[in-house]
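Contents: one structure, followed by commentary.
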Amino acid sequence: MRKEILIIGNWKCNPLKLAQAQNLYRSIVSGLRKEAKENRTKQHSFKTKNKEQVRIVICPPFVYINDLVALNKKLGANLEFGAQNCFWEESGAYTGEISPKMVKSLGCRYVIVGHSERRLYFNETNEIINKKLKISLRVGLTPILCIGESKKDEETGKTEEILKIQLQEGLKGVENGKLVKNLIIAYEPVWAIGTGDFCDPEKASKALFFIRQRTNAKVLYGGSVNSKIAGEYLKVGFDGLLIGGASLKAQEFIKIIKNV
Ligand code: PGA
């Protein structure tokens, strides 16, 4: 049985102001507390019906992390934090980049690497992603490696081929034994991200099976997750969810957590 499941909110490049980010965060915390109270559970202990521990992670834009970590403390909440990206070196003359050590020192435990939007808009290759993944592990962050096929790959039956390459190249030089504790894989079909066209859980479970044959890491599903479908991905065996759009709406995000 799974011991814990992860629900990760990826805020992407939203919201535009710190005060809005703080309000969203406050609404999530107070909504979760209300839920916990109604279910007569301890306010910080979220468990599924199968008694799995639920960890909730927020990945805000870099510029809000510091303030939200402080707010988390002030509210006495225990949500965790992740960054949406990091650089592949620790420090140096790299204008505009953010070191994984900086991410760690802000209070993040996780970092997303290889999100399809980074692959698409910032030309991140598997080689770059592998460098980011390795340095994240080295500094003690838990990388969330995103993999997934495009619409064209899916239509031409190349899903497994693509996943195989992304795993092989993304995880190059990382021992499988270490993966269990220190690494998370997020299966996110590119065509399902931000489109409302989520991947059918049964179909996603085929990719899950394929990934599980190759790594011991935890595997999440991501791509247009909403509160109605969320629980189905856990039923087919995923260890959690990576949520974009729905994590920006406090009520919907809480419903997702409730429904798992
Ligand atoms: P979405 O994004 O839930 O808005 O589809 C998921 C993601 O990009 O991780």
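Residues in the structure tokens are numbered from 1 in each chain, the chains being A, B, ... in the order shown, and ligands are numbered from 1 in the order shown.
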>> With DSSP run on the backbone, what are the strand (DSSP E) residues within stretch 73-235 of chain A? I'd like them as a VMD selection string.
In response: chain A and resid 80 to 83 110 to 113 142 to 147 184 to 187 218 to 222
> A:Ile211: which residues within 12 Å, counting only C-alpha atoms, same-chain residues fewer than 3 positions away excluded, as a PyMOL selection string?
Replying inline: chain A and resi 145-148+159-168+184-187+204-208+214-221+237-238
>> My list of candidates is A:Lys258, A:Lys73, A:Arg118, A:Lys203. Which is closest to A:Glu38 when distances are computed with only C-alpha atoms?
In response: A:Lys258
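Among the candidates A:Tyr121, A:Phe87, A:Tyr25, A:Phe253, the one nearest to A:Tyr64 when counting only C-alpha atoms is A:Tyr25.
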>> What does the list of residues within 9 Å of ligand 1 look like if you count only C-alpha atoms and all ligand atoms, written as an MDAnalysis selection string?
In response: chainID A and resid 8:12 115:117 146 186 188 190:198 221:226 241:247
> Separation of atom CA of A:Glu97 and atom CA of A:Phe62, in Å?
Replying inline: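 Interatomic distance, atom CA of A:Glu97 to atom CA of A:Phe62: 10.9 Å.
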> Which parts of stretch 31-83 of chain A does DSSP call alpha helix (DSSP H) when run on the backbone here, written out as a VMD selection string?
Replying inline: chain A and resid 31 to 38 62 to 75
Mind dumping the selected residues with N, CA, C and O atoms as a JSON list (two decimals), in the first residue's frame?
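As written to disk, again-v1.json reads:
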[["chain", "number", "residue", "atom", "x", "y", "z"],
["A", 31, "GLY", "N", -9.51, 26.94, 3.82],
["A", 31, "GLY", "CA", -10.41, 25.92, 3.26],
["A", 31, "GLY", "C", -10.05, 24.53, 3.75],
["A", 31, "GLY", "O", -10.92, 23.72, 4.08],
["A", 32, "LEU", "N", -8.76, 24.24, 3.81],
["A", 32, "LEU", "CA", -8.32, 22.93, 4.28],
["A", 32, "LEU", "C", -8.67, 22.73, 5.75],
["A", 32, "LEU", "O", -9.07, 21.65, 6.17],
["A", 33, "ARG", "N", -8.54, 23.82, 6.50],
["A", 33, "ARG", "CA", -8.86, 23.73, 7.93],
["A", 33, "ARG", "C", -10.34, 23.46, 8.14],
["A", 33, "ARG", "O", -10.72, 22.68, 9.00],
["A", 34, "LYS", "N", -11.15, 24.12, 7.34],
["A", 34, "LYS", "CA", -12.60, 23.93, 7.45],
["A", 34, "LYS", "C", -12.95, 22.47, 7.15],
["A", 34, "LYS", "O", -13.71, 21.84, 7.86],
["A", 35, "GLU", "N", -12.35, 21.97, 6.08],
["A", 35, "GLU", "CA", -12.56, 20.58, 5.69],
["A", 35, "GLU", "C", -12.17, 19.63, 6.81],
["A", 35, "GLU", "O", -12.91, 18.72, 7.17],
["A", 36, "ALA", "N", -10.98, 19.88, 7.36],
["A", 36, "ALA", "CA", -10.45, 19.01, 8.41],
["A", 36, "ALA", "C", -11.37, 19.03, 9.63],
["A", 36, "ALA", "O", -11.63, 18.00, 10.25],
["A", 37, "LYS", "N", -11.89, 20.21, 9.92],
["A", 37, "LYS", "CA", -12.78, 20.36, 11.07],
["A", 37, "LYS", "C", -14.06, 19.56, 10.86],
["A", 37, "LYS", "O", -14.51, 18.83, 11.74],
["A", 38, "GLU", "N", -14.60, 19.70, 9.64],
["A", 38, "GLU", "CA", -15.83, 18.97, 9.34],
["A", 38, "GLU", "C", -15.63, 17.46, 9.43],
["A", 38, "GLU", "O", -16.51, 16.71, 9.78],
["A", 62, "PHE", "N", 9.00, 32.06, -8.20],
["A", 62, "PHE", "CA", 10.14, 32.27, -7.28],
["A", 62, "PHE", "C", 9.93, 33.47, -6.35],
["A", 62, "PHE", "O", 10.21, 33.39, -5.17],
["A", 63, "VAL", "N", 9.46, 34.59, -6.94],
["A", 63, "VAL", "CA", 9.42, 35.85, -6.18],
["A", 63, "VAL", "C", 8.45, 35.83, -4.99],
["A", 63, "VAL", "O", 8.51, 36.72, -4.16],
["A", 64, "TYR", "N", 7.57, 34.84, -4.95],
["A", 64, "TYR", "CA", 6.62, 34.79, -3.82],
["A", 64, "TYR", "C", 7.02, 33.76, -2.76],
["A", 64, "TYR", "O", 6.40, 33.70, -1.70],
["A", 65, "ILE", "N", 8.00, 32.94, -3.08],
["A", 65, "ILE", "CA", 8.29, 31.80, -2.18],
["A", 65, "ILE", "C", 8.60, 32.28, -0.76],
["A", 65, "ILE", "O", 8.01, 31.81, 0.22],
["A", 66, "ASN", "N", 9.51, 33.25, -0.65],
["A", 66, "ASN", "CA", 9.93, 33.72, 0.66],
["A", 66, "ASN", "C", 8.74, 34.18, 1.50],
["A", 66, "ASN", "O", 8.59, 33.77, 2.66],
["A", 67, "ASP", "N", 7.88, 35.00, 0.92],
["A", 67, "ASP", "CA", 6.73, 35.53, 1.66],
["A", 67, "ASP", "C", 5.73, 34.44, 2.02],
["A", 67, "ASP", "O", 5.13, 34.47, 3.09],
["A", 68, "LEU", "N", 5.56, 33.50, 1.10],
["A", 68, "LEU", "CA", 4.57, 32.45, 1.39],
["A", 68, "LEU", "C", 5.08, 31.46, 2.44],
["A", 68, "LEU", "O", 4.31, 30.95, 3.25],
["A", 69, "VAL", "N", 6.39, 31.23, 2.43],
["A", 69, "VAL", "CA", 6.96, 30.37, 3.48],
["A", 69, "VAL", "C", 6.74, 31.03, 4.84],
["A", 69, "VAL", "O", 6.35, 30.39, 5.82],
["A", 70, "ALA", "N", 6.95, 32.36, 4.88],
["A", 70, "ALA", "CA", 6.75, 33.10, 6.13],
["A", 70, "ALA", "C", 5.27, 33.06, 6.54],
["A", 70, "ALA", "O", 4.95, 32.88, 7.71],
["A", 71, "LEU", "N", 4.39, 33.20, 5.57],
["A", 71, "LEU", "CA", 2.95, 33.17, 5.85],
["A", 71, "LEU", "C", 2.53, 31.80, 6.38],
["A", 71, "LEU", "O", 1.74, 31.69, 7.32],
["A", 72, "ASN", "N", 3.09, 30.77, 5.77],
["A", 72, "ASN", "CA", 2.82, 29.39, 6.19],
["A", 72, "ASN", "C", 3.14, 29.23, 7.67],
["A", 72, "ASN", "O", 2.37, 28.66, 8.44],
["A", 73, "LYS", "N", 4.29, 29.79, 8.05],
["A", 73, "LYS", "CA", 4.75, 29.71, 9.44],
["A", 73, "LYS", "C", 3.80, 30.50, 10.35],
["A", 73, "LYS", "O", 3.38, 30.02, 11.39],
["A", 74, "LYS", "N", 3.50, 31.71, 9.89],
["A", 74, "LYS", "CA", 2.63, 32.58, 10.68],
["A", 74, "LYS", "C", 1.26, 31.94, 10.93],
["A", 74, "LYS", "O", 0.69, 32.04, 12.02],
["A", 75, "LEU", "N", 0.75, 31.27, 9.91],
["A", 75, "LEU", "CA", -0.57, 30.64, 10.02],
["A", 75, "LEU", "C", -0.50, 29.31, 10.77],
["A", 75, "LEU", "O", -1.52, 28.69, 11.04]]
